[in-house]
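The structure appears right after this line, and notes come after that.
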Amino acid sequence: MPDAGVLLALEDLHASYGHVQALRGLDLVVRVGELVCLIGANGAGKTSTLRAISGLLRAARGRIVFDGAPIHGAAPAAILRAGIAHCPEGRRVFPYLTVRENLEMGAYVRRDRREVEDDLERVSTHFPVLTERRRQTAGTLSGGEQQMLAIARALMSRPRLILFDEPSLGLAPALVETTFGIIADIRRRGTTVLMVEQNAYLALRMADRAYVMETGRIVLEGPARALLDDDHVRRAYLGA
Amino acid sequence: MEQLLQHLVNGLVLGGTYALLGIGLTLIFGLMNVVNFAHGEFYTLGAYAAFAALGLAGLDFTLALLGAIAAGALGGALCEVSLLRPLRHESIDTTMLVMIGLWIAMQNGELLVWGGVAKSIPHPFPTAPLVLGPVSLAPLRLFVLVVAAALIAASYLLIQRTKLGRAMRATFQDAETSALMGVPIERIHTATFAFGSALAAAAGALLGPIFLAYPSMGDLASLKAFSVVILGGLGNVPGATLGGLLLGVAEELGAGYVSSGYRDAVGFLIIIVVLVLRPAGIFARAERIG
């Protein structure tokens, strides 16, 4: 029997790109309603972890269990349908599609057209700037607007778990605050969040729990507040 | 002046089918990055499918046209699944060589099946032209123009307004992110190639009865399609439409006012000028779709 309240569990996960081993026996758990962050240096395997969860990177060994059902080996579409959305690093909006079309792409796997329309409307209350620009192509938006679009697009699939990969990357400090505010808000409204973030200080301040990753495995885990005070974390990731 | 109008109308008839060829290739070449030298062979396939349906089976023109479109789509899908899918991550040069191989194979296949003698495709339209002031137009040509316009409009709607079209555009902008959105990438590749090939086949079925069907007819069609894509800019569907019409009209004017022997030369002359002056295509300003 799985641990009560566990939404996502990675067990002894291994994955590689060709000969390069990216994940070497990763164990990680996300419970319903949590905001969990994954920190670590460049190349530690944080992005690979998210890619393995959403089906872009095939696991060579180990298991990924979402809501009690194994999802490793499933296609990205099936994983998305199961309820995991992935907001990729670098925003990756479709530059030549309009803002509205980008949002519609986020709802690609959904069949309930009327409710998709409602959700498109709802986006405008949370992201007014996207409504103003809905006929513009996404490539013409500023970096901050593209980040809002990427987040809104990920929400369009109505996920139960949303993966954020470096949401603060390349954003001005004021926009970083806004972005983290939005992510906190998404969690408050009931969506579970697993976030990879280089800005360890900000990430640890807002997360419930955190994992520290080094060379493809977890080296440290615990309540985010406790990690903020951990000597190793402070030296290696907080520059203290 | 009267002649000018007549040339313009003839040019639009020709240009409409060039636009179909061009839209098909701009999807395959511009979006999918496949230098499809076999594009003209799907045009030939369409012409022979029309010949089989009209001349051999005695079906009506609408059914023949639908049959040709289906043959093109089916042939395109088959070619994508069997030749291009296994080479998905190979370089553009590799797939280009494979498409050259397919071009040779298809053309010789046509020679084998239909023989080298040109076939005239019968059509049900009266030969007496419709006369409207200074312009006279054979009913067949009017039909070709109308159907080409309808197919162009339908293509545009499919690409711009449908979920499939949106997924096509998204896939060729960023395949990995499209996969994250749940788009079945492989099926989108097949659908896009089939769609492009079906448009080429439609062009062949439409022009076949005006000219003749013969195995090497696709060679010039390929060249024209590449010209149209270059004129309009890679991946630019409105550009391919305008480019096709422009090429058709330019050829008619060249044939009418210079010499009919220079018909094809005029088109290529324009390409050279465009490549020198505006290498991204005449309509480079217009948004590309992928």
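So you can find residues: chains in the structure tokens are A, B, ... in the order shown, residues in each start at 1, and ligands are numbered from 1 in order.
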Discussion item. Can you tell me which residues surround range 211-213 of chain A at a distance of at most 8 Å, considering only C-alpha atoms, apart from same-chain residues fewer than 4 positions away, and format the answer as JSON, numbers by chain?
Written reply: {"A": [28, 36, 37, 38, 39, 40, 41, 44, 45, 46, 217, 218, 219, 220, 221, 222]}
Discussion item. Report as a VMD selection string all protein, DNA and RNA residues lying within 8 Å of range 264-271 of chain B, evaluated on only C-alpha atoms, omitting residues in the same chain fewer than 3 positions from it.
Written reply: chain B and resid 224 227 230 to 231 247 250 to 251 254 261 274 to 275
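What chain A places within 7 Å of chain B, counting only C-alpha atoms, is Pro76, Ala77, Leu80, His86, Arg92, Phe94, Tyr96, Met105, Gly106, Tyr108 and Val109 of chain A.
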Export, as a short mmCIF file (atom, residue, chain, number, x, y, z; two decimals), in the first residue's frame, the selected residues with N, CA, C and O atoms.
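result_34.cif was written with the following content:
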```cif
data_model
loop_
_atom_site.label_atom_id
_atom_site.label_comp_id
_atom_site.auth_asym_id
_atom_site.auth_seq_id
_atom_site.Cartn_x
_atom_site.Cartn_y
_atom_site.Cartn_z
N PRO A 76 4.23 11.07 -23.12
CA PRO A 76 3.94 12.35 -22.48
C PRO A 76 2.43 12.67 -22.46
O PRO A 76 1.93 13.20 -21.46
N ALA A 77 1.73 12.33 -23.53
CA ALA A 77 0.29 12.64 -23.58
C ALA A 77 -0.47 11.91 -22.47
O ALA A 77 -1.35 12.49 -21.83
N LEU A 80 0.30 13.50 -19.12
CA LEU A 80 -0.44 14.76 -19.01
C LEU A 80 -1.90 14.49 -18.68
O LEU A 80 -2.51 15.14 -17.82
N HIS A 86 3.87 20.06 -17.18
CA HIS A 86 5.29 20.39 -17.07
C HIS A 86 5.50 21.76 -17.71
O HIS A 86 5.25 21.93 -18.90
N ARG A 92 9.67 28.28 -23.30
CA ARG A 92 9.28 27.48 -24.46
C ARG A 92 7.84 27.74 -24.93
O ARG A 92 7.09 26.80 -25.23
N PHE A 94 5.24 28.85 -27.87
CA PHE A 94 5.33 28.70 -29.32
C PHE A 94 5.38 30.11 -29.93
O PHE A 94 4.38 30.82 -29.93
N TYR A 96 5.46 31.58 -32.85
CA TYR A 96 4.63 32.05 -33.97
C TYR A 96 3.15 31.79 -33.78
O TYR A 96 2.34 32.06 -34.65
N MET A 105 -3.17 25.24 -26.91
CA MET A 105 -2.27 24.09 -26.97
C MET A 105 -2.15 23.43 -25.59
O MET A 105 -2.01 22.22 -25.49
N GLY A 106 -2.20 24.26 -24.55
CA GLY A 106 -2.13 23.72 -23.19
C GLY A 106 -3.30 22.81 -22.87
O GLY A 106 -3.22 21.92 -22.03
N TYR A 108 -4.67 20.83 -25.13
CA TYR A 108 -4.75 19.93 -26.28
C TYR A 108 -5.38 18.58 -25.95
O TYR A 108 -6.15 18.04 -26.75
N VAL A 109 -5.06 18.02 -24.79
CA VAL A 109 -5.56 16.67 -24.49
C VAL A 109 -6.99 16.67 -23.94
O VAL A 109 -7.57 15.61 -23.74
#
```
Discussion item. I need the residues in range 25-217 of chain B that are strand (DSSP E or B) according to DSSP; give them as a PyMOL selection string.
Written reply: chain B and resi 119+130-132+135-137+213
Worksheet item: Counting only C-alpha atoms, what is within 8 Å of Tyr18 in chain B, bar same-chain residues fewer than 3 positions away, as a VMD selection string?
Response: chain B and resid 14 to 15 21 to 22 203 224 to 225 228 244 to 245 247 to 248
Worksheet item: What lies within 9 Å of range 22-27 of chain A using only C-alpha atoms, ignoring chain neighbours under 4 positions off, as a PyMOL selection string?
Response: chain A and resi 9-17+43-46+48-49+59+61-62+213+215-218
Next, the residues of the selection above should be written as a PDB file, in the first residue's frame with N, CA and C atoms.
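Saved the output as out_26.pdb:
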```
ATOM      1  N   ALA A   9       5.728   9.437  -6.535  1.00  0.00           N
ATOM      2  CA  ALA A   9       6.888   8.804  -5.909  1.00  0.00           C
ATOM      3  C   ALA A   9       7.860   8.340  -6.984  1.00  0.00           C
ATOM      4  N   LEU A  10       9.116   8.736  -6.840  1.00  0.00           N
ATOM      5  CA  LEU A  10      10.172   8.228  -7.707  1.00  0.00           C
ATOM      6  C   LEU A  10      10.984   7.248  -6.876  1.00  0.00           C
ATOM      7  N   GLU A  11      11.166   6.047  -7.414  1.00  0.00           N
ATOM      8  CA  GLU A  11      11.873   5.013  -6.650  1.00  0.00           C
ATOM      9  C   GLU A  11      13.061   4.494  -7.439  1.00  0.00           C
ATOM     10  N   ASP A  12      14.246   4.704  -6.905  1.00  0.00           N
ATOM     11  CA  ASP A  12      15.488   4.194  -7.491  1.00  0.00           C
ATOM     12  C   ASP A  12      15.570   4.487  -8.997  1.00  0.00           C
ATOM     13  N   LEU A  13      15.290   5.717  -9.346  1.00  0.00           N
ATOM     14  CA  LEU A  13      15.181   6.073 -10.763  1.00  0.00           C
ATOM     15  C   LEU A  13      16.564   6.276 -11.402  1.00  0.00           C
ATOM     16  N   HIS A  14      16.755   5.584 -12.531  1.00  0.00           N
ATOM     17  CA  HIS A  14      17.984   5.748 -13.317  1.00  0.00           C
ATOM     18  C   HIS A  14      17.590   6.191 -14.724  1.00  0.00           C
ATOM     19  N   ALA A  15      18.359   7.105 -15.288  1.00  0.00           N
ATOM     20  CA  ALA A  15      18.115   7.497 -16.677  1.00  0.00           C
ATOM     21  C   ALA A  15      19.393   8.077 -17.232  1.00  0.00           C
ATOM     22  N   SER A  16      19.572   7.961 -18.553  1.00  0.00           N
ATOM     23  CA  SER A  16      20.784   8.531 -19.143  1.00  0.00           C
ATOM     24  C   SER A  16      20.514   9.065 -20.540  1.00  0.00           C
ATOM     25  N   TYR A  17      21.390   9.987 -20.952  1.00  0.00           N
ATOM     26  CA  TYR A  17      21.403  10.470 -22.337  1.00  0.00           C
ATOM     27  C   TYR A  17      22.588   9.778 -22.979  1.00  0.00           C
ATOM     28  N   GLY A  43      23.706  20.675 -13.867  1.00  0.00           N
ATOM     29  CA  GLY A  43      24.154  19.338 -14.245  1.00  0.00           C
ATOM     30  C   GLY A  43      23.936  18.292 -13.180  1.00  0.00           C
ATOM     31  N   ALA A  44      23.287  18.650 -12.082  1.00  0.00           N
ATOM     32  CA  ALA A  44      23.052  17.673 -11.020  1.00  0.00           C
ATOM     33  C   ALA A  44      21.969  16.680 -11.419  1.00  0.00           C
ATOM     34  N   GLY A  45      21.138  17.059 -12.384  1.00  0.00           N
ATOM     35  CA  GLY A  45      20.085  16.153 -12.861  1.00  0.00           C
ATOM     36  C   GLY A  45      18.679  16.624 -12.527  1.00  0.00           C
ATOM     37  N   LYS A  46      18.545  17.892 -12.170  1.00  0.00           N
ATOM     38  CA  LYS A  46      17.220  18.408 -11.779  1.00  0.00           C
ATOM     39  C   LYS A  46      16.260  18.399 -12.962  1.00  0.00           C
ATOM     40  N   SER A  48      16.574  16.729 -15.698  1.00  0.00           N
ATOM     41  CA  SER A  48      16.367  15.336 -16.126  1.00  0.00           C
ATOM     42  C   SER A  48      15.298  14.661 -15.284  1.00  0.00           C
ATOM     43  N   THR A  49      15.269  15.000 -13.994  1.00  0.00           N
ATOM     44  CA  THR A  49      14.253  14.420 -13.127  1.00  0.00           C
ATOM     45  C   THR A  49      12.858  14.794 -13.627  1.00  0.00           C
ATOM     46  N   ALA A  59      13.077   6.284 -18.375  1.00  0.00           N
ATOM     47  CA  ALA A  59      13.808   5.738 -17.241  1.00  0.00           C
ATOM     48  C   ALA A  59      14.417   4.400 -17.623  1.00  0.00           C
ATOM     49  N   ARG A  61      15.882   2.420 -15.324  1.00  0.00           N
ATOM     50  CA  ARG A  61      15.612   1.523 -14.192  1.00  0.00           C
ATOM     51  C   ARG A  61      14.818   2.304 -13.168  1.00  0.00           C
ATOM     52  N   GLY A  62      14.080   1.617 -12.333  1.00  0.00           N
ATOM     53  CA  GLY A  62      13.342   2.286 -11.276  1.00  0.00           C
ATOM     54  C   GLY A  62      11.900   2.538 -11.668  1.00  0.00           C
ATOM     55  N   MET A 213      20.051  17.876  -4.746  1.00  0.00           N
ATOM     56  CA  MET A 213      20.510  16.875  -5.687  1.00  0.00           C
ATOM     57  C   MET A 213      21.961  17.112  -6.060  1.00  0.00           C
ATOM     58  N   THR A 215      24.980  15.115  -8.620  1.00  0.00           N
ATOM     59  CA  THR A 215      25.343  14.047  -9.569  1.00  0.00           C
ATOM     60  C   THR A 215      24.317  12.909  -9.640  1.00  0.00           C
ATOM     61  N   GLY A 216      23.077  13.285  -9.899  1.00  0.00           N
ATOM     62  CA  GLY A 216      22.076  12.286 -10.241  1.00  0.00           C
ATOM     63  C   GLY A 216      21.384  11.599  -9.088  1.00  0.00           C
ATOM     64  N   ARG A 217      21.688  12.013  -7.846  1.00  0.00           N
ATOM     65  CA  ARG A 217      20.919  11.436  -6.731  1.00  0.00           C
ATOM     66  C   ARG A 217      20.665  12.472  -5.648  1.00  0.00           C
ATOM     67  N   ILE A 218      19.752  12.120  -4.754  1.00  0.00           N
ATOM     68  CA  ILE A 218      19.407  13.024  -3.658  1.00  0.00           C
ATOM     69  C   ILE A 218      20.454  12.867  -2.547  1.00  0.00           C
TER      70      ILE A 218
END
```
Item to complete: Please identify which residues in range 4-141 of chain A DSSP calls alpha helix (DSSP H) from the backbone, and express them as a ChimeraX atom specification.
Response: /A:46-53,76-82,99-106,113-126,128-132
Worksheet entry | Option closest in space to Ala280 in chain B, from B:Gly30, B:Asn36, B:Phe195, B:Val144 [counting only C-alpha atoms] | B:Gly30
Fill in: Selection: 9 Å around Glu145 in chain A, only C-alpha atoms, excl. self and same-chain fewer than 5 positions, as a PyMOL selection string
chain A and resi 129-130+138+150
Fill in: All residues 6 Å or closer to range 99-114 of chain B, only C-alpha atoms, same chain fewer than 5 positions away omitted, as a list in words
Asn36, Phe37, Ala38 and Pro215 of chain B
Write a file of the selected residues as a compact mmCIF listing (two decimals), in the first residue's frame, keeping C-alpha atoms.
```txt
# COMPACT_ATOMS: atom_id res chain seq x y z
CA ASN B 36 10.98 16.92 -51.16
CA PHE B 37 12.13 16.32 -54.72
CA ALA B 38 9.32 13.78 -55.03
CA PRO B 215 5.45 10.15 -66.42
```
Discussion item. Quick one: residues within 10 Å of Leu54 in chain B, only C-alpha atoms, excluding same-chain residues fewer than 4 positions away - as a ChimeraX atom specification?
Written reply: /B:48-50,58-65,121-124,209
Next, write the just-selected residues to a file, as a compact mmCIF listing (two decimals), in the first residue's frame, keeping N, CA, C and O atoms as the atom set.
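Final output, saved to selection_39.txt:
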```
# COMPACT_ATOMS: atom_id res chain seq x y z
N TYR B 48 -2.62 10.90 -62.89
CA TYR B 48 -2.95 9.54 -63.33
C TYR B 48 -4.17 8.98 -62.60
O TYR B 48 -4.94 8.21 -63.16
N ALA B 49 -4.31 9.39 -61.34
CA ALA B 49 -5.51 8.94 -60.60
C ALA B 49 -6.75 9.51 -61.28
O ALA B 49 -7.76 8.82 -61.44
N ALA B 50 -6.67 10.76 -61.73
CA ALA B 50 -7.79 11.38 -62.44
C ALA B 50 -8.03 10.67 -63.76
O ALA B 50 -9.18 10.43 -64.16
N GLY B 58 -14.77 5.89 -65.75
CA GLY B 58 -15.90 6.69 -66.18
C GLY B 58 -16.65 7.41 -65.07
O GLY B 58 -17.83 7.67 -65.16
N LEU B 59 -15.94 7.71 -63.98
CA LEU B 59 -16.56 8.45 -62.89
C LEU B 59 -16.71 9.92 -63.26
O LEU B 59 -16.15 10.39 -64.25
N ASP B 60 -17.46 10.66 -62.43
CA ASP B 60 -17.55 12.09 -62.75
C ASP B 60 -16.37 12.84 -62.15
O ASP B 60 -15.60 12.31 -61.35
N PHE B 61 -16.22 14.08 -62.56
CA PHE B 61 -15.01 14.83 -62.26
C PHE B 61 -14.82 15.03 -60.75
O PHE B 61 -13.71 14.94 -60.23
N THR B 62 -15.93 15.29 -60.05
CA THR B 62 -15.81 15.53 -58.61
C THR B 62 -15.26 14.30 -57.90
O THR B 62 -14.34 14.38 -57.08
N LEU B 63 -15.80 13.13 -58.25
CA LEU B 63 -15.31 11.90 -57.65
C LEU B 63 -13.86 11.64 -58.03
O LEU B 63 -13.05 11.21 -57.19
N ALA B 64 -13.54 11.93 -59.30
CA ALA B 64 -12.16 11.72 -59.75
C ALA B 64 -11.20 12.59 -58.94
O ALA B 64 -10.13 12.16 -58.53
N LEU B 65 -11.63 13.82 -58.70
CA LEU B 65 -10.81 14.76 -57.95
C LEU B 65 -10.62 14.28 -56.51
O LEU B 65 -9.50 14.25 -55.98
N ILE B 121 -6.58 13.28 -70.67
CA ILE B 121 -7.59 12.97 -69.66
C ILE B 121 -8.93 13.55 -70.10
O ILE B 121 -9.05 14.76 -70.28
N PRO B 122 -9.93 12.71 -70.31
CA PRO B 122 -11.22 13.24 -70.76
C PRO B 122 -11.89 14.02 -69.63
O PRO B 122 -11.69 13.72 -68.46
N HIS B 123 -12.65 15.02 -70.01
CA HIS B 123 -13.40 15.75 -68.98
C HIS B 123 -14.79 16.04 -69.51
O HIS B 123 -15.01 16.10 -70.73
N PRO B 124 -15.74 16.22 -68.62
CA PRO B 124 -17.14 16.32 -69.04
C PRO B 124 -17.58 17.72 -69.47
O PRO B 124 -18.74 17.92 -69.80
N PRO B 209 -6.30 17.41 -67.10
CA PRO B 209 -7.20 17.49 -68.25
C PRO B 209 -6.91 18.69 -69.15
O PRO B 209 -7.28 18.69 -70.33
```
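Proximity of A:Asn199, A:Ser124, A:Thr179, A:Thr131 to Gln147 in chain A, computed with only C-alpha atoms, is greatest for A:Thr179.
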